[in-house]
Amino acid sequence: MQRIANPSTPVRFRPQPHKIMNITIIGTGYVGLVTGACFAETGNNVTCLDIDSERVDLLSKGEVPFFEPGLTEMVKRHLESGRIKFTTSYADGCKNNVFFICVGTPDDGEGKPDLKGLESVLKSLNGNLNENSFVFTKSTVPLGTNARVRKYFEDNSKYEVQVSSNPEFLKEGAAINDFQRPDRIIVGTRHIESKEIMEELYEPFSRVKNKINHVSVESAELIKYASNSFLATKISFMNEMALVCEKTGADINEVRLGMGSDPRIGSAFLYAGLGYGGSCFPKDVNALMGMQEELGLSPKILKKTKEVNDNQLVYFRDKIKSYYGDNSINKNLTIWGLSFKPNSDDIRESVSIKLIKELSNEFYSLSLYDPVAMGNAKKELMDFRNIKFFNDKYQSLLNSNGLIICTEWKEFWDPDLSKFDIMKERVVFDGRNIINKKRLEDSNIRYFGVGV
């Protein structure tokens, strides 16, 4: 194997006239399952490996255990075509020699990524390899991790294993589109053969313009963390500006439009609201700060990013409590939106769930609605007795003293205001600034947003 010196809406794909590869995806969460399904879509033979036997059984029946638009249909299609299969067996998975590691690296509770899942994968892989192999790490891992993985195989494997970094940039709710129409494809490798495999696999997604950026392994690791942390910083900056708006009479929506018109700034992630959540931004900001500290550096900007984000929930909670005053314990509130973002049933680090837990002891009852995240929310909130779940968002408004919007699902943007007549108090706390303030006020509904 030769090394390189000093490197630097779902689409229905037809199998492309490129080399068909046999690959194994390790981990069947959001990243692993989308990666496997999209590679199968371009004609490759994909084995998806997971140690969770219950999950593998579901997937083998075409049942995806989480919500991601278009993914269930794609998985079913390639189960029928035979281009995708699911297994718990490393012996089965190691019949191939191209591997993508897509296991979770959650926060360990102390601000660092938990790499136990990755370490378990390495041991299982090493015990089952049959030939020289190629390992691509899609899991988000700290700087230096891929170098340690390479050293592990050098010390323990009788085969040569090329280890490269191929970080993912998928947004939950739009993951298939992001994979098929990527902004960029980052490949960190030292090896010519690994580079050629990446170019072959990603060629169908990079036809009009070459999206592949070949960089060092360390740069690839940092690009992932730096990208998420920068986007988190943009969100926190806008939330800080929203507080300025509320003190001065400026409107954060107008400020956003003015700022976003500057191409040097761009319009994405300039929305004020309840702050960021989910499985990526919080843990990646924490992880990057931890890496800076280990390097003897002081994470000044990211520390403030996290501080602003943490305070945003407190600020919004206090705004609600202040409106109702000492009489809050007699009030009923309705909350729309439980997932951390729209088009997902993921409630990990959901600001809505955090707010519900904060408000549950302050109000008489909370009525909750979400288009797809109800099941996960019920499990998370099962110990809170004054919480009720509704399958109809308007029914949840009956006898409510206020509506709180926590997730920007499209069905919340333009609600039927005539249905608000069943509320005891017609007031809306818009945590995502998605409803037209003037429209509500013209209907005699009080409106409170963030920075408006």
# chains A, B, ... in the order shown; residues from 1 in each chain; ligands from 1

call {"tool": "residues_around", "arguments": {"residues": "Asn444 of chain A", "least_positions_apart": "4", "cutoff": "9 Å", "atoms": "only C-alpha atoms", "output": "number ranges by chain"}}
result
A: 426-427, 439-440

call {"tool": "residues_around", "arguments": {"residues": "segment 147-164 of chain A", "least_positions_apart": "6", "cutoff": "12 Å", "atoms": "only C-alpha atoms", "output": "ChimeraX atom specification"}}
result
/A:1-4,7,97-101,115,118-139,141,186-195,197-198,214-221

call {"tool": "residues_around", "arguments": {"residues": "segment 379-382 of chain A", "least_positions_apart": "6", "cutoff": "12 Å", "atoms": "only C-alpha atoms", "output": "PDB file with N, CA and C atoms, in the first residue's frame"}}
result
ATOM      1  N   LEU A 338     -41.412  19.395  20.552  1.00  0.00           N
ATOM      2  CA  LEU A 338     -40.651  18.696  21.580  1.00  0.00           C
ATOM      3  C   LEU A 338     -39.274  18.248  21.081  1.00  0.00           C
ATOM      4  N   SER A 339     -39.143  17.985  19.807  1.00  0.00           N
ATOM      5  CA  SER A 339     -37.844  17.595  19.251  1.00  0.00           C
ATOM      6  C   SER A 339     -36.913  18.805  19.244  1.00  0.00           C
ATOM      7  N   ASP A 346     -35.787  13.401  17.378  1.00  0.00           N
ATOM      8  CA  ASP A 346     -34.664  13.386  18.322  1.00  0.00           C
ATOM      9  C   ASP A 346     -34.886  14.434  19.413  1.00  0.00           C
ATOM     10  N   ILE A 347     -34.871  14.008  20.660  1.00  0.00           N
ATOM     11  CA  ILE A 347     -35.042  14.943  21.775  1.00  0.00           C
ATOM     12  C   ILE A 347     -33.762  15.091  22.590  1.00  0.00           C
ATOM     13  N   ARG A 348     -32.651  14.571  22.074  1.00  0.00           N
ATOM     14  CA  ARG A 348     -31.388  14.731  22.792  1.00  0.00           C
ATOM     15  C   ARG A 348     -31.016  16.206  22.892  1.00  0.00           C
ATOM     16  N   GLU A 349     -30.762  16.670  24.117  1.00  0.00           N
ATOM     17  CA  GLU A 349     -30.434  18.075  24.376  1.00  0.00           C
ATOM     18  C   GLU A 349     -31.507  19.013  23.807  1.00  0.00           C
ATOM     19  N   SER A 350     -32.750  18.546  23.781  1.00  0.00           N
ATOM     20  CA  SER A 350     -33.842  19.385  23.305  1.00  0.00           C
ATOM     21  C   SER A 350     -34.106  20.520  24.294  1.00  0.00           C
ATOM     22  N   SER A 352     -36.696  22.315  24.346  1.00  0.00           N
ATOM     23  CA  SER A 352     -38.092  22.173  24.745  1.00  0.00           C
ATOM     24  C   SER A 352     -38.230  21.260  25.951  1.00  0.00           C
ATOM     25  N   ILE A 353     -37.573  20.106  25.906  1.00  0.00           N
ATOM     26  CA  ILE A 353     -37.644  19.166  27.025  1.00  0.00           C
ATOM     27  C   ILE A 353     -37.062  19.794  28.284  1.00  0.00           C
ATOM     28  N   LYS A 354     -35.971  20.512  28.146  1.00  0.00           N
ATOM     29  CA  LYS A 354     -35.375  21.193  29.300  1.00  0.00           C
ATOM     30  C   LYS A 354     -36.342  22.230  29.875  1.00  0.00           C
ATOM     31  N   LEU A 355     -37.005  22.981  28.997  1.00  0.00           N
ATOM     32  CA  LEU A 355     -37.947  24.001  29.454  1.00  0.00           C
ATOM     33  C   LEU A 355     -39.140  23.366  30.151  1.00  0.00           C
ATOM     34  N   ILE A 356     -39.638  22.267  29.614  1.00  0.00           N
ATOM     35  CA  ILE A 356     -40.766  21.569  30.235  1.00  0.00           C
ATOM     36  C   ILE A 356     -40.410  21.146  31.655  1.00  0.00           C
ATOM     37  N   LYS A 357     -39.222  20.603  31.828  1.00  0.00           N
ATOM     38  CA  LYS A 357     -38.790  20.176  33.160  1.00  0.00           C
ATOM     39  C   LYS A 357     -38.675  21.369  34.110  1.00  0.00           C
ATOM     40  N   GLU A 358     -38.276  22.513  33.579  1.00  0.00           N
ATOM     41  CA  GLU A 358     -38.152  23.726  34.403  1.00  0.00           C
ATOM     42  C   GLU A 358     -39.524  24.256  34.818  1.00  0.00           C
ATOM     43  N   SER A 360     -42.491  22.554  34.885  1.00  0.00           N
ATOM     44  CA  SER A 360     -43.473  21.598  35.418  1.00  0.00           C
ATOM     45  C   SER A 360     -43.809  21.839  36.883  1.00  0.00           C
ATOM     46  N   LEU A 366     -49.162  21.099  32.018  1.00  0.00           N
ATOM     47  CA  LEU A 366     -48.563  21.389  30.726  1.00  0.00           C
ATOM     48  C   LEU A 366     -49.150  20.431  29.696  1.00  0.00           C
ATOM     49  N   LEU A 368     -48.811  19.032  25.859  1.00  0.00           N
ATOM     50  CA  LEU A 368     -47.714  18.947  24.898  1.00  0.00           C
ATOM     51  C   LEU A 368     -48.156  18.355  23.574  1.00  0.00           C
ATOM     52  N   ALA A 373     -42.286  13.472  17.653  1.00  0.00           N
ATOM     53  CA  ALA A 373     -41.408  13.166  18.788  1.00  0.00           C
ATOM     54  C   ALA A 373     -42.141  12.780  20.062  1.00  0.00           C
ATOM     55  N   LYS A 388     -49.572  16.369  30.049  1.00  0.00           N
ATOM     56  CA  LYS A 388     -50.506  15.635  29.195  1.00  0.00           C
ATOM     57  C   LYS A 388     -50.067  15.761  27.736  1.00  0.00           C
ATOM     58  N   PHE A 389     -50.232  14.682  26.987  1.00  0.00           N
ATOM     59  CA  PHE A 389     -49.857  14.667  25.574  1.00  0.00           C
ATOM     60  C   PHE A 389     -51.108  14.653  24.706  1.00  0.00           C
TER      61      PHE A 389
END

call {"tool": "atom_distance", "arguments": {"atom1": "atom CA of Cys48 of chain A", "atom2": "atom CA of Thr24 of chain A"}}
result
5.8 Å

call {"tool": "residues_around", "arguments": {"residues": "segment 291-305 of chain A", "least_positions_apart": "5", "cutoff": "12 Å", "atoms": "only C-alpha atoms", "output": "PyMOL selection string"}}
result
chain A and resi 111-113+141-145+221-222+225-226+228-240+275-276+281-286+310-312

call {"tool": "residues_around", "arguments": {"residues": "Ile445 of chain A", "least_positions_apart": "3", "cutoff": "12 Å", "atoms": "only C-alpha atoms", "output": "list in words"}}
result
Asn401, Gly402, Leu403, Leu417, Ser418, Lys419, Phe420, Asp421, Met423, Lys424, Glu425, Arg426, Val427, Val428, Phe429, Ile435, Asn436, Lys437, Lys438, Arg439, Leu440, Glu441, Asp442 and Phe448 of chain A

call {"tool": "select_by_dssp", "arguments": {"residues": "segment 29-204 of chain A", "states": "strand (DSSP E)", "output": "list in words"}}
result
Asn45, Val46, Thr47, Cys48, Leu49, Ile84, Lys85, Phe86, Thr87, Val98, Phe99, Phe100, Ile101, Ser133, Phe134, Val135, Phe136, Thr137, Val161, Gln162, Val163, Ser164, Ser165, Ile185, Ile186, Val187 and Gly188 of chain A

call {"tool": "write_last_selection", "arguments": {"atoms": "N, CA, C and O atoms", "output": "short mmCIF file (atom, residue, chain, number, x, y, z; two decimals), in the first residue's frame"}}
result
data_model
loop_
_atom_site.label_atom_id
_atom_site.label_comp_id
_atom_site.auth_asym_id
_atom_site.auth_seq_id
_atom_site.Cartn_x
_atom_site.Cartn_y
_atom_site.Cartn_z
N ASN A 45 -22.80 -2.73 -2.73
CA ASN A 45 -23.32 -3.76 -1.83
C ASN A 45 -22.90 -3.41 -0.41
O ASN A 45 -21.71 -3.32 -0.11
N VAL A 46 -23.87 -3.19 0.45
CA VAL A 46 -23.61 -2.62 1.77
C VAL A 46 -24.06 -3.58 2.86
O VAL A 46 -25.20 -4.06 2.87
N THR A 47 -23.16 -3.86 3.79
CA THR A 47 -23.49 -4.59 5.01
C THR A 47 -23.48 -3.60 6.17
O THR A 47 -22.46 -2.95 6.42
N CYS A 48 -24.60 -3.47 6.85
CA CYS A 48 -24.70 -2.58 8.01
C CYS A 48 -24.62 -3.44 9.27
O CYS A 48 -25.44 -4.33 9.48
N LEU A 49 -23.63 -3.15 10.11
CA LEU A 49 -23.34 -3.97 11.27
C LEU A 49 -23.64 -3.18 12.54
O LEU A 49 -23.23 -2.02 12.67
N ILE A 84 -28.50 -4.01 0.33
CA ILE A 84 -28.21 -3.67 1.72
C ILE A 84 -28.69 -4.83 2.61
O ILE A 84 -29.73 -5.44 2.33
N LYS A 85 -27.91 -5.14 3.62
CA LYS A 85 -28.31 -6.15 4.59
C LYS A 85 -27.81 -5.73 5.97
O LYS A 85 -26.92 -4.88 6.08
N PHE A 86 -28.38 -6.33 7.00
CA PHE A 86 -28.07 -5.95 8.37
C PHE A 86 -27.62 -7.18 9.15
O PHE A 86 -28.17 -8.27 8.98
N THR A 87 -26.65 -6.98 10.01
CA THR A 87 -26.11 -8.11 10.77
C THR A 87 -25.55 -7.63 12.11
O THR A 87 -25.19 -6.45 12.26
N VAL A 98 -13.62 -2.87 3.29
CA VAL A 98 -13.78 -1.42 3.36
C VAL A 98 -14.81 -1.13 4.45
O VAL A 98 -15.95 -1.59 4.37
N PHE A 99 -14.39 -0.37 5.46
CA PHE A 99 -15.23 -0.15 6.64
C PHE A 99 -15.42 1.34 6.91
O PHE A 99 -14.46 2.12 6.81
N PHE A 100 -16.64 1.70 7.26
CA PHE A 100 -16.94 3.05 7.74
C PHE A 100 -17.40 2.93 9.20
O PHE A 100 -18.40 2.27 9.48
N ILE A 101 -16.68 3.56 10.11
CA ILE A 101 -17.05 3.53 11.52
C ILE A 101 -17.97 4.71 11.81
O ILE A 101 -17.58 5.88 11.65
N SER A 133 -7.00 -4.05 4.90
CA SER A 133 -8.31 -3.38 4.93
C SER A 133 -8.18 -1.86 4.96
O SER A 133 -7.10 -1.30 5.19
N PHE A 134 -9.34 -1.22 4.75
CA PHE A 134 -9.43 0.23 4.73
C PHE A 134 -10.50 0.66 5.73
O PHE A 134 -11.65 0.24 5.63
N VAL A 135 -10.11 1.49 6.68
CA VAL A 135 -11.03 1.97 7.71
C VAL A 135 -11.19 3.48 7.57
O VAL A 135 -10.20 4.22 7.57
N PHE A 136 -12.44 3.93 7.45
CA PHE A 136 -12.76 5.35 7.36
C PHE A 136 -13.60 5.73 8.57
O PHE A 136 -14.67 5.14 8.79
N THR A 137 -13.13 6.67 9.34
CA THR A 137 -13.83 7.08 10.55
C THR A 137 -14.78 8.23 10.25
O THR A 137 -14.34 9.33 9.88
N VAL A 161 -3.72 -2.08 7.77
CA VAL A 161 -5.01 -1.38 7.81
C VAL A 161 -4.77 0.11 7.59
O VAL A 161 -4.09 0.76 8.38
N GLN A 162 -5.29 0.62 6.49
CA GLN A 162 -5.20 2.06 6.23
C GLN A 162 -6.34 2.76 6.97
O GLN A 162 -7.51 2.42 6.78
N VAL A 163 -6.01 3.73 7.81
CA VAL A 163 -6.99 4.44 8.62
C VAL A 163 -7.08 5.88 8.13
O VAL A 163 -6.07 6.59 8.05
N SER A 164 -8.29 6.31 7.80
CA SER A 164 -8.52 7.66 7.28
C SER A 164 -9.72 8.29 7.97
O SER A 164 -10.56 7.60 8.55
N SER A 165 -9.80 9.60 7.88
CA SER A 165 -10.92 10.35 8.47
C SER A 165 -11.84 10.86 7.37
O SER A 165 -11.39 11.43 6.38
N ILE A 185 -16.99 17.28 0.74
CA ILE A 185 -16.67 15.93 1.20
C ILE A 185 -15.23 15.99 1.69
O ILE A 185 -14.31 16.24 0.90
N ILE A 186 -15.04 15.81 2.98
CA ILE A 186 -13.71 15.92 3.56
C ILE A 186 -13.10 14.54 3.73
O ILE A 186 -13.70 13.64 4.33
N VAL A 187 -11.91 14.36 3.18
CA VAL A 187 -11.20 13.09 3.29
C VAL A 187 -9.80 13.38 3.83
O VAL A 187 -9.01 14.06 3.18
N GLY A 188 -9.54 12.86 5.01
CA GLY A 188 -8.21 12.99 5.59
C GLY A 188 -7.49 11.66 5.50
O GLY A 188 -7.86 10.70 6.18
#

call {"tool": "atom_distance", "arguments": {"atom1": "atom CA of Lys306 of chain A", "atom2": "atom CA of Leu288 of chain A"}}
result
11.6 Å

call {"tool": "select_by_dssp", "arguments": {"residues": "segment 19-150 of chain A", "states": "alpha helix (DSSP H)", "output": "PyMOL selection string"}}
result
chain A and resi 30-41+53-60+71-81+90-93+116-126+145-150

call {"tool": "residues_around", "arguments": {"residues": "Arg432 of chain A", "least_positions_apart": "4", "cutoff": "10 Å", "atoms": "only C-alpha atoms", "output": "list in words"}}
result
Tyr271, Ala272, Gly273, Leu274, Gly275, Ile404, Ile405, Cys406, Thr407, Glu408, Trp409, Trp413, Gly449 and Val450 of chain A

call {"tool": "closest_residue", "arguments": {"among": "A:Met21, A:Leu359, A:Ile320, A:Cys245", "to": "Thr42 of chain A", "atoms": "only C-alpha atoms"}}
result
A:Met21

call {"tool": "decode", "arguments": {"residues": "segment 315-339 of chain A", "atoms": "N, CA, C and O atoms", "output": "tab-separated table (two decimals), in the first residue's frame"}}
result
chain	number	residue	atom	x	y	z
A	315	TYR	N	-33.39	32.84	30.40
A	315	TYR	CA	-34.02	34.10	30.02
A	315	TYR	C	-35.47	33.89	29.55
A	315	TYR	O	-36.38	34.62	29.96
A	316	PHE	N	-35.69	32.87	28.72
A	316	PHE	CA	-37.04	32.64	28.19
A	316	PHE	C	-37.96	32.11	29.27
A	316	PHE	O	-39.13	32.50	29.35
A	317	ARG	N	-37.45	31.23	30.11
A	317	ARG	CA	-38.25	30.72	31.24
A	317	ARG	C	-38.68	31.85	32.15
A	317	ARG	O	-39.84	31.93	32.56
A	318	ASP	N	-37.75	32.75	32.44
A	318	ASP	CA	-38.07	33.87	33.33
A	318	ASP	C	-39.07	34.83	32.69
A	318	ASP	O	-39.89	35.44	33.39
A	319	LYS	N	-39.02	34.97	31.37
A	319	LYS	CA	-39.98	35.82	30.67
A	319	LYS	C	-41.40	35.26	30.85
A	319	LYS	O	-42.35	36.01	31.10
A	320	ILE	N	-41.53	33.94	30.75
A	320	ILE	CA	-42.83	33.29	30.93
A	320	ILE	C	-43.31	33.43	32.37
A	320	ILE	O	-44.45	33.82	32.64
A	321	LYS	N	-42.44	33.13	33.31
A	321	LYS	CA	-42.80	33.20	34.73
A	321	LYS	C	-43.15	34.62	35.14
A	321	LYS	O	-44.08	34.85	35.93
A	322	SER	N	-42.45	35.59	34.59
A	322	SER	CA	-42.71	36.99	34.93
A	322	SER	C	-44.09	37.42	34.47
A	322	SER	O	-44.78	38.19	35.16
A	323	TYR	N	-44.52	36.90	33.32
A	323	TYR	CA	-45.83	37.29	32.80
A	323	TYR	C	-46.95	36.83	33.74
A	323	TYR	O	-47.92	37.56	33.98
A	324	TYR	N	-46.83	35.63	34.28
A	324	TYR	CA	-47.90	35.09	35.12
A	324	TYR	C	-47.72	35.42	36.60
A	324	TYR	O	-48.68	35.32	37.37
A	325	GLY	N	-46.52	35.78	37.00
A	325	GLY	CA	-46.29	36.18	38.38
A	325	GLY	C	-46.55	35.08	39.38
A	325	GLY	O	-46.38	33.88	39.10
A	326	ASP	N	-47.02	35.48	40.56
A	326	ASP	CA	-47.23	34.52	41.65
A	326	ASP	C	-48.40	33.58	41.39
A	326	ASP	O	-48.58	32.60	42.12
A	327	ASN	N	-49.21	33.88	40.37
A	327	ASN	CA	-50.39	33.07	40.09
A	327	ASN	C	-50.10	31.92	39.13
A	327	ASN	O	-51.02	31.23	38.69
A	328	SER	N	-48.82	31.69	38.82
A	328	SER	CA	-48.48	30.69	37.81
A	328	SER	C	-48.92	29.28	38.19
A	328	SER	O	-49.27	28.47	37.33
A	329	ILE	N	-48.95	28.97	39.47
A	329	ILE	CA	-49.27	27.60	39.90
A	329	ILE	C	-50.72	27.24	39.58
A	329	ILE	O	-51.09	26.05	39.58
A	330	ASN	N	-51.54	28.22	39.25
A	330	ASN	CA	-52.94	27.98	38.88
A	330	ASN	C	-53.15	27.98	37.36
A	330	ASN	O	-54.29	27.89	36.90
A	331	LYS	N	-52.08	28.10	36.61
A	331	LYS	CA	-52.19	28.27	35.16
A	331	LYS	C	-51.84	26.97	34.41
A	331	LYS	O	-51.03	26.16	34.86
A	332	ASN	N	-52.48	26.82	33.25
A	332	ASN	CA	-52.21	25.70	32.35
A	332	ASN	C	-51.51	26.23	31.10
A	332	ASN	O	-51.97	27.21	30.50
A	333	LEU	N	-50.43	25.61	30.71
A	333	LEU	CA	-49.70	26.04	29.51
A	333	LEU	C	-49.69	24.95	28.46
A	333	LEU	O	-49.72	23.75	28.78
A	334	THR	N	-49.64	25.37	27.20
A	334	THR	CA	-49.51	24.45	26.07
A	334	THR	C	-48.15	24.66	25.43
A	334	THR	O	-47.71	25.80	25.26
A	335	ILE	N	-47.49	23.55	25.08
A	335	ILE	CA	-46.19	23.64	24.42
A	335	ILE	C	-46.25	22.87	23.11
A	335	ILE	O	-46.59	21.68	23.09
A	336	TRP	N	-45.91	23.57	22.02
A	336	TRP	CA	-45.83	22.95	20.70
A	336	TRP	C	-44.36	22.77	20.34
A	336	TRP	O	-43.58	23.72	20.36
A	337	GLY	N	-43.99	21.54	20.00
A	337	GLY	CA	-42.62	21.27	19.59
A	337	GLY	C	-41.80	20.66	20.71
A	337	GLY	O	-41.52	21.33	21.70
A	338	LEU	N	-41.41	19.40	20.55
A	338	LEU	CA	-40.65	18.70	21.58
A	338	LEU	C	-39.27	18.25	21.08
A	338	LEU	O	-38.34	18.15	21.88
A	339	SER	N	-39.14	17.98	19.81
A	339	SER	CA	-37.84	17.60	19.25
A	339	SER	C	-36.91	18.81	19.24
A	339	SER	O	-37.36	19.95	19.27
